[in-house]
Amino acid sequence: MADANPGAAAPPRVILASGSAARRSLLKDAGLAFEVALPDVDEEAIRESLSAEGNEVDPVDVAEVLARAKAEMVSREHPGALVIGGDQVLALDGEIYGKAADMAEARRYLLEMRGRRHELHAAVVLALDGETVWSMTD
């Protein structure tokens with residue numbers, strides 16, 4: 001059987017730059033065919049560089065910078081692929097909460113947030129050939 005559109009380019013490979021089961025599930029449930037490549041990004045070093053010299057850091061910026069770093073890194077390793085990077089940053093009264101190291105820290109976080117308004121900032125970035133081509137932070 002002949003190709004219906006022989007001049008059409010094949011769609012790019014899609015790669016998720018994340019080990020998150022939740023992110024994989026979202027893409028799978030959306031019917032997207034994708035691969036997974038784990039980015040080798042030092043998130044703590046990036047957070048520290050953003051807050052260097054005592055500058056106050058906007059949690060929204062942290063989420064976007066981390067998502068961008070992940071997507072662009074994996075994108076450089078997979079030329080021609082469309083890479084999706086994402087990150088979420090939880091903040092309470094402007095203080096950023098990282099991943100809890102253990103159950104005691106998770107409990108402390110939950111007790112601090114109980115009954116108080118906190119925010120979860122989510123960022124997603126699409127990168128192609130090492131460059132961001134689209135981003136959204138909410």
# chains A, B, ... in the order shown; residues from 1 in each chain; ligands from 1

call {"tool": "residues_around", "arguments": {"residues": "Ala33 (chain A)", "least_positions_apart": "5", "cutoff": "12 Å", "atoms": "only C-alpha atoms", "output": "PDB file with N, CA and C atoms, in the first residue's frame"}}
result
ATOM      1  N   PRO A  11       6.883  12.416  12.104  1.00  0.00           N
ATOM      2  CA  PRO A  11       6.851  13.249  13.321  1.00  0.00           C
ATOM      3  C   PRO A  11       8.115  12.996  14.145  1.00  0.00           C
ATOM      4  N   PRO A  12       8.548  13.998  14.892  1.00  0.00           N
ATOM      5  CA  PRO A  12       9.761  13.798  15.698  1.00  0.00           C
ATOM      6  C   PRO A  12       9.509  12.797  16.825  1.00  0.00           C
ATOM      7  N   ARG A  13      10.575  12.160  17.252  1.00  0.00           N
ATOM      8  CA  ARG A  13      10.486  11.327  18.456  1.00  0.00           C
ATOM      9  C   ARG A  13      10.149  12.244  19.618  1.00  0.00           C
ATOM     10  N   VAL A  14       9.387  11.740  20.543  1.00  0.00           N
ATOM     11  CA  VAL A  14       9.054  12.495  21.751  1.00  0.00           C
ATOM     12  C   VAL A  14       9.709  11.788  22.924  1.00  0.00           C
ATOM     13  N   ILE A  15      10.428  12.570  23.725  1.00  0.00           N
ATOM     14  CA  ILE A  15      11.124  12.011  24.885  1.00  0.00           C
ATOM     15  C   ILE A  15      10.705  12.792  26.124  1.00  0.00           C
ATOM     16  N   LEU A  16      10.353  12.073  27.164  1.00  0.00           N
ATOM     17  CA  LEU A  16      10.066  12.667  28.461  1.00  0.00           C
ATOM     18  C   LEU A  16      11.351  12.667  29.277  1.00  0.00           C
ATOM     19  N   ARG A  24       4.765  10.183  33.385  1.00  0.00           N
ATOM     20  CA  ARG A  24       4.634   9.105  32.383  1.00  0.00           C
ATOM     21  C   ARG A  24       3.167   8.735  32.200  1.00  0.00           C
ATOM     22  N   SER A  25       2.446   8.628  33.295  1.00  0.00           N
ATOM     23  CA  SER A  25       1.035   8.260  33.242  1.00  0.00           C
ATOM     24  C   SER A  25       0.205   9.303  32.492  1.00  0.00           C
ATOM     25  N   LEU A  26       0.493  10.577  32.727  1.00  0.00           N
ATOM     26  CA  LEU A  26      -0.230  11.646  32.024  1.00  0.00           C
ATOM     27  C   LEU A  26      -0.055  11.530  30.511  1.00  0.00           C
ATOM     28  N   LEU A  27       1.183  11.338  30.075  1.00  0.00           N
ATOM     29  CA  LEU A  27       1.441  11.241  28.638  1.00  0.00           C
ATOM     30  C   LEU A  27       0.841   9.975  28.045  1.00  0.00           C
ATOM     31  N   LYS A  28       0.953   8.877  28.775  1.00  0.00           N
ATOM     32  CA  LYS A  28       0.378   7.612  28.311  1.00  0.00           C
ATOM     33  C   LYS A  28      -1.137   7.731  28.190  1.00  0.00           C
ATOM     34  N   LEU A  82      11.828  15.800  20.117  1.00  0.00           N
ATOM     35  CA  LEU A  82      11.119  16.804  20.893  1.00  0.00           C
ATOM     36  C   LEU A  82      11.114  16.313  22.340  1.00  0.00           C
TER      37      LEU A  82
END

call {"tool": "select_by_dssp", "arguments": {"residues": "chain A", "states": "helix (DSSP H, G or I)", "output": "mmCIF file with N, CA and C atoms, in the first residue's frame"}}
result
data_model
loop_
_atom_site.group_PDB
_atom_site.id
_atom_site.type_symbol
_atom_site.label_atom_id
_atom_site.label_comp_id
_atom_site.auth_asym_id
_atom_site.auth_seq_id
_atom_site.Cartn_x
_atom_site.Cartn_y
_atom_site.Cartn_z
ATOM 1 N N ALA A 21 6.675 8.839 37.628
ATOM 2 C CA ALA A 21 5.612 7.927 37.213
ATOM 3 C C ALA A 21 4.345 8.704 36.871
ATOM 4 N N ALA A 22 4.087 9.775 37.596
ATOM 5 C CA ALA A 22 2.893 10.587 37.331
ATOM 6 C C ALA A 22 2.976 11.244 35.953
ATOM 7 N N ARG A 23 4.138 11.761 35.596
ATOM 8 C CA ARG A 23 4.290 12.398 34.282
ATOM 9 C C ARG A 23 4.173 11.356 33.166
ATOM 10 N N ARG A 24 4.765 10.183 33.385
ATOM 11 C CA ARG A 24 4.634 9.105 32.383
ATOM 12 C C ARG A 24 3.167 8.735 32.200
ATOM 13 N N SER A 25 2.446 8.628 33.295
ATOM 14 C CA SER A 25 1.035 8.260 33.242
ATOM 15 C C SER A 25 0.205 9.303 32.492
ATOM 16 N N LEU A 26 0.493 10.577 32.727
ATOM 17 C CA LEU A 26 -0.230 11.646 32.024
ATOM 18 C C LEU A 26 -0.055 11.530 30.511
ATOM 19 N N LEU A 27 1.183 11.338 30.075
ATOM 20 C CA LEU A 27 1.441 11.241 28.638
ATOM 21 C C LEU A 27 0.841 9.975 28.045
ATOM 22 N N LYS A 28 0.953 8.877 28.775
ATOM 23 C CA LYS A 28 0.378 7.612 28.311
ATOM 24 C C LYS A 28 -1.137 7.731 28.190
ATOM 25 N N ASP A 29 -1.783 8.307 29.212
ATOM 26 C CA ASP A 29 -3.237 8.468 29.195
ATOM 27 C C ASP A 29 -3.703 9.407 28.087
ATOM 28 N N GLU A 43 19.737 19.399 40.698
ATOM 29 C CA GLU A 43 18.690 20.360 41.051
ATOM 30 C C GLU A 43 19.101 21.249 42.216
ATOM 31 N N GLU A 44 19.761 20.671 43.191
ATOM 32 C CA GLU A 44 20.175 21.459 44.362
ATOM 33 C C GLU A 44 21.179 22.537 43.972
ATOM 34 N N ALA A 45 22.107 22.207 43.095
ATOM 35 C CA ALA A 45 23.092 23.200 42.639
ATOM 36 C C ALA A 45 22.403 24.335 41.885
ATOM 37 N N ILE A 46 21.400 24.001 41.090
ATOM 38 C CA ILE A 46 20.662 25.037 40.361
ATOM 39 C C ILE A 46 19.916 25.937 41.336
ATOM 40 N N ARG A 47 19.243 25.334 42.321
ATOM 41 C CA ARG A 47 18.529 26.139 43.329
ATOM 42 C C ARG A 47 19.503 27.067 44.058
ATOM 43 N N GLU A 48 20.662 26.522 44.436
ATOM 44 C CA GLU A 48 21.654 27.331 45.149
ATOM 45 C C GLU A 48 22.171 28.474 44.283
ATOM 46 N N SER A 49 22.398 28.219 42.998
ATOM 47 C CA SER A 49 22.900 29.288 42.124
ATOM 48 C C SER A 49 21.854 30.378 41.938
ATOM 49 N N LEU A 50 20.586 29.994 41.938
ATOM 50 C CA LEU A 50 19.524 30.999 41.801
ATOM 51 C C LEU A 50 19.417 31.892 43.032
ATOM 52 N N ALA A 52 22.012 32.606 45.022
ATOM 53 C CA ALA A 52 23.361 33.058 45.391
ATOM 54 C C ALA A 52 23.321 34.498 45.879
ATOM 55 N N GLU A 53 24.200 34.791 46.800
ATOM 56 C CA GLU A 53 24.354 36.135 47.355
ATOM 57 C C GLU A 53 23.093 36.621 48.057
ATOM 58 N N GLY A 54 22.291 35.707 48.571
ATOM 59 C CA GLY A 54 21.134 36.076 49.368
ATOM 60 C C GLY A 54 19.957 36.638 48.596
ATOM 61 N N PRO A 59 9.636 31.146 43.482
ATOM 62 C CA PRO A 59 9.423 29.714 43.233
ATOM 63 C C PRO A 59 9.005 29.411 41.792
ATOM 64 N N VAL A 60 8.291 30.339 41.150
ATOM 65 C CA VAL A 60 7.896 30.150 39.753
ATOM 66 C C VAL A 60 9.139 30.047 38.876
ATOM 67 N N ASP A 61 10.119 30.923 39.129
ATOM 68 C CA ASP A 61 11.361 30.900 38.350
ATOM 69 C C ASP A 61 12.124 29.603 38.559
ATOM 70 N N VAL A 62 12.123 29.109 39.787
ATOM 71 C CA VAL A 62 12.833 27.865 40.079
ATOM 72 C C VAL A 62 12.231 26.717 39.280
ATOM 73 N N ALA A 63 10.898 26.622 39.269
ATOM 74 C CA ALA A 63 10.239 25.551 38.516
ATOM 75 C C ALA A 63 10.594 25.625 37.038
ATOM 76 N N GLU A 64 10.571 26.823 36.474
ATOM 77 C CA GLU A 64 10.859 26.945 35.044
ATOM 78 C C GLU A 64 12.326 26.661 34.729
ATOM 79 N N VAL A 65 13.228 27.167 35.541
ATOM 80 C CA VAL A 65 14.657 26.932 35.281
ATOM 81 C C VAL A 65 14.978 25.440 35.371
ATOM 82 N N LEU A 66 14.418 24.749 36.350
ATOM 83 C CA LEU A 66 14.670 23.316 36.479
ATOM 84 C C LEU A 66 14.085 22.533 35.306
ATOM 85 N N ALA A 67 12.861 22.859 34.904
ATOM 86 C CA ALA A 67 12.233 22.172 33.767
ATOM 87 C C ALA A 67 13.043 22.417 32.499
ATOM 88 N N ARG A 68 13.507 23.652 32.320
ATOM 89 C CA ARG A 68 14.297 24.011 31.140
ATOM 90 C C ARG A 68 15.632 23.258 31.134
ATOM 91 N N ALA A 69 16.281 23.192 32.282
ATOM 92 C CA ALA A 69 17.573 22.499 32.362
ATOM 93 C C ALA A 69 17.419 21.026 31.989
ATOM 94 N N LYS A 70 16.381 20.384 32.489
ATOM 95 C CA LYS A 70 16.151 18.973 32.200
ATOM 96 C C LYS A 70 15.877 18.747 30.714
ATOM 97 N N ALA A 71 14.959 19.547 30.160
ATOM 98 C CA ALA A 71 14.579 19.368 28.755
ATOM 99 C C ALA A 71 15.750 19.649 27.825
ATOM 100 N N GLU A 72 16.466 20.735 28.071
ATOM 101 C CA GLU A 72 17.571 21.091 27.180
ATOM 102 C C GLU A 72 18.721 20.092 27.264
ATOM 103 N N MET A 73 18.998 19.584 28.459
ATOM 104 C CA MET A 73 20.081 18.607 28.603
ATOM 105 C C MET A 73 19.774 17.338 27.801
ATOM 106 N N VAL A 74 18.587 16.791 27.992
ATOM 107 C CA VAL A 74 18.225 15.563 27.277
ATOM 108 C C VAL A 74 18.127 15.842 25.783
ATOM 109 N N SER A 75 17.645 17.021 25.421
ATOM 110 C CA SER A 75 17.508 17.382 24.014
ATOM 111 C C SER A 75 18.861 17.423 23.299
ATOM 112 N N ARG A 76 19.887 17.895 23.988
ATOM 113 C CA ARG A 76 21.231 17.915 23.383
ATOM 114 C C ARG A 76 21.733 16.492 23.127
ATOM 115 N N GLU A 77 21.307 15.547 23.945
ATOM 116 C CA GLU A 77 21.738 14.157 23.807
ATOM 117 C C GLU A 77 20.938 13.392 22.749
ATOM 118 N N MET A 103 10.498 10.307 56.249
ATOM 119 C CA MET A 103 9.129 10.441 56.764
ATOM 120 C C MET A 103 9.025 11.539 57.825
ATOM 121 N N ALA A 104 10.054 11.702 58.627
ATOM 122 C CA ALA A 104 10.016 12.741 59.664
ATOM 123 C C ALA A 104 9.935 14.131 59.016
ATOM 124 N N GLU A 105 10.721 14.328 57.970
ATOM 125 C CA GLU A 105 10.681 15.632 57.303
ATOM 126 C C GLU A 105 9.349 15.825 56.582
ATOM 127 N N ALA A 106 8.822 14.782 55.972
ATOM 128 C CA ALA A 106 7.521 14.870 55.303
ATOM 129 C C ALA A 106 6.435 15.235 56.315
ATOM 130 N N ARG A 107 6.493 14.647 57.478
ATOM 131 C CA ARG A 107 5.514 14.955 58.532
ATOM 132 C C ARG A 107 5.639 16.409 58.962
ATOM 133 N N ARG A 108 6.870 16.877 59.122
ATOM 134 C CA ARG A 108 7.096 18.270 59.508
ATOM 135 C C ARG A 108 6.521 19.219 58.454
ATOM 136 N N TYR A 109 6.757 18.910 57.179
ATOM 137 C CA TYR A 109 6.215 19.732 56.097
ATOM 138 C C TYR A 109 4.690 19.790 56.177
ATOM 139 N N LEU A 110 4.067 18.632 56.338
ATOM 140 C CA LEU A 110 2.606 18.583 56.380
ATOM 141 C C LEU A 110 2.059 19.361 57.578
ATOM 142 N N LEU A 111 2.720 19.257 58.710
ATOM 143 C CA LEU A 111 2.272 20.009 59.886
ATOM 144 C C LEU A 111 2.422 21.515 59.676
ATOM 145 N N GLU A 112 3.487 21.927 59.022
ATOM 146 C CA GLU A 112 3.690 23.352 58.747
ATOM 147 C C GLU A 112 2.641 23.887 57.777
ATOM 148 N N MET A 113 2.226 23.070 56.825
ATOM 149 C CA MET A 113 1.268 23.515 55.810
ATOM 150 C C MET A 113 -0.184 23.395 56.257
#

call {"tool": "atom_distance", "arguments": {"atom1": "CA of His78 (chain A)", "atom2": "CA of Val124 (chain A)"}}
result
18.2 Å

call {"tool": "residues_around", "arguments": {"residues": "Ala91 (chain A)", "least_positions_apart": "2", "cutoff": "8 Å", "atoms": "only C-alpha atoms", "output": "mmCIF file with N, CA and C atoms, in the first residue's frame"}}
result
data_model
loop_
_atom_site.group_PDB
_atom_site.id
_atom_site.type_symbol
_atom_site.label_atom_id
_atom_site.label_comp_id
_atom_site.auth_asym_id
_atom_site.auth_seq_id
_atom_site.Cartn_x
_atom_site.Cartn_y
_atom_site.Cartn_z
ATOM 1 N N PRO A 59 9.636 31.146 43.482
ATOM 2 C CA PRO A 59 9.423 29.714 43.233
ATOM 3 C C PRO A 59 9.005 29.411 41.792
ATOM 4 N N VAL A 89 7.401 23.059 42.038
ATOM 5 C CA VAL A 89 8.002 23.631 43.232
ATOM 6 C C VAL A 89 6.881 24.006 44.191
ATOM 7 N N ASP A 93 4.512 30.666 52.023
ATOM 8 C CA ASP A 93 4.990 31.986 52.436
ATOM 9 C C ASP A 93 6.326 32.334 51.789
ATOM 10 N N GLY A 94 6.480 31.965 50.510
ATOM 11 C CA GLY A 94 7.692 32.282 49.770
ATOM 12 C C GLY A 94 8.849 31.326 49.995
ATOM 13 N N GLU A 95 8.717 30.428 50.960
ATOM 14 C CA GLU A 95 9.779 29.452 51.214
ATOM 15 C C GLU A 95 9.555 28.217 50.357
ATOM 16 N N ILE A 96 10.610 27.791 49.678
ATOM 17 C CA ILE A 96 10.525 26.635 48.801
ATOM 18 C C ILE A 96 10.767 25.362 49.605
ATOM 19 N N TYR A 97 9.906 24.398 49.394
ATOM 20 C CA TYR A 97 10.028 23.101 50.055
ATOM 21 C C TYR A 97 10.548 22.089 49.046
ATOM 22 N N HIS A 118 -0.770 27.197 50.635
ATOM 23 C CA HIS A 118 0.522 26.973 50.008
ATOM 24 C C HIS A 118 0.290 26.859 48.507
ATOM 25 N N GLU A 119 1.357 26.960 47.743
ATOM 26 C CA GLU A 119 1.240 26.978 46.291
ATOM 27 C C GLU A 119 2.142 25.926 45.666
ATOM 28 N N LEU A 120 1.635 25.308 44.615
ATOM 29 C CA LEU A 120 2.424 24.369 43.835
ATOM 30 C C LEU A 120 2.599 24.977 42.447
ATOM 31 N N HIS A 121 3.817 25.304 42.107
ATOM 32 C CA HIS A 121 4.141 25.914 40.817
ATOM 33 C C HIS A 121 4.635 24.816 39.886
#

call {"tool": "select_by_dssp", "arguments": {"residues": "chain A", "states": "strand (DSSP E or B)", "output": "PyMOL selection string"}}
result
chain A and resi 14-16+35-36+82-92+95-97+119-128+131-137

call {"tool": "decode", "arguments": {"residues": "region 12-23 of chain A", "atoms": "all heavy atoms", "output": "compact mmCIF listing (two decimals), in the first residue's frame"}}
result
# COMPACT_ATOMS: atom_id res chain seq x y z
N PRO A 12 8.55 14.00 14.89
CA PRO A 12 9.76 13.80 15.70
C PRO A 12 9.51 12.80 16.83
O PRO A 12 8.37 12.61 17.27
CB PRO A 12 10.04 15.19 16.26
CG PRO A 12 8.72 15.87 16.27
CD PRO A 12 7.97 15.32 15.09
N ARG A 13 10.58 12.16 17.25
CA ARG A 13 10.49 11.33 18.46
C ARG A 13 10.15 12.24 19.62
O ARG A 13 10.60 13.39 19.67
CB ARG A 13 11.83 10.67 18.75
CG ARG A 13 12.22 9.59 17.80
CD ARG A 13 13.62 9.04 18.04
NE ARG A 13 14.04 8.92 19.41
CZ ARG A 13 15.28 9.20 19.84
NH1 ARG A 13 16.20 9.64 19.00
NH2 ARG A 13 15.61 9.05 21.10
N VAL A 14 9.39 11.74 20.54
CA VAL A 14 9.05 12.50 21.75
C VAL A 14 9.71 11.79 22.92
O VAL A 14 9.59 10.57 23.08
CB VAL A 14 7.53 12.59 21.96
CG1 VAL A 14 7.20 13.29 23.27
CG2 VAL A 14 6.88 13.32 20.79
N ILE A 15 10.43 12.57 23.72
CA ILE A 15 11.12 12.01 24.88
C ILE A 15 10.70 12.79 26.12
O ILE A 15 10.72 14.03 26.13
CB ILE A 15 12.65 12.09 24.71
CG1 ILE A 15 13.09 11.30 23.48
CG2 ILE A 15 13.37 11.60 25.97
CD1 ILE A 15 14.56 11.43 23.14
N LEU A 16 10.35 12.07 27.16
CA LEU A 16 10.07 12.67 28.46
C LEU A 16 11.35 12.67 29.28
O LEU A 16 11.93 11.61 29.53
CB LEU A 16 8.98 11.87 29.19
CG LEU A 16 8.66 12.31 30.62
CD1 LEU A 16 8.14 13.75 30.65
CD2 LEU A 16 7.67 11.36 31.26
N ALA A 17 11.79 13.86 29.67
CA ALA A 17 13.02 13.99 30.46
C ALA A 17 12.66 13.96 31.94
O ALA A 17 12.77 14.94 32.66
CB ALA A 17 13.73 15.30 30.10
N SER A 18 12.19 12.80 32.39
CA SER A 18 11.74 12.69 33.77
C SER A 18 11.58 11.22 34.14
O SER A 18 11.17 10.40 33.32
CB SER A 18 10.39 13.40 33.93
OG SER A 18 9.85 13.20 35.21
N GLY A 19 11.84 10.94 35.39
CA GLY A 19 11.59 9.60 35.91
C GLY A 19 10.27 9.52 36.64
O GLY A 19 9.93 8.48 37.21
N SER A 20 9.49 10.59 36.60
CA SER A 20 8.23 10.67 37.34
C SER A 20 7.18 9.72 36.78
O SER A 20 6.81 9.81 35.61
CB SER A 20 7.70 12.10 37.30
OG SER A 20 6.34 12.15 37.69
N ALA A 21 6.67 8.84 37.63
CA ALA A 21 5.61 7.93 37.21
C ALA A 21 4.35 8.70 36.87
O ALA A 21 3.62 8.35 35.94
CB ALA A 21 5.33 6.91 38.32
N ALA A 22 4.09 9.78 37.60
CA ALA A 22 2.89 10.59 37.33
C ALA A 22 2.98 11.24 35.95
O ALA A 22 1.99 11.27 35.21
CB ALA A 22 2.73 11.64 38.41
N ARG A 23 4.14 11.76 35.60
CA ARG A 23 4.29 12.40 34.28
C ARG A 23 4.17 11.36 33.17
O ARG A 23 3.56 11.60 32.13
CB ARG A 23 5.62 13.15 34.20
CG ARG A 23 5.61 14.38 35.08
CD ARG A 23 6.87 15.23 34.91
NE ARG A 23 6.83 16.33 35.85
CZ ARG A 23 7.59 16.43 36.93
NH1 ARG A 23 8.49 15.51 37.20
NH2 ARG A 23 7.46 17.46 37.74
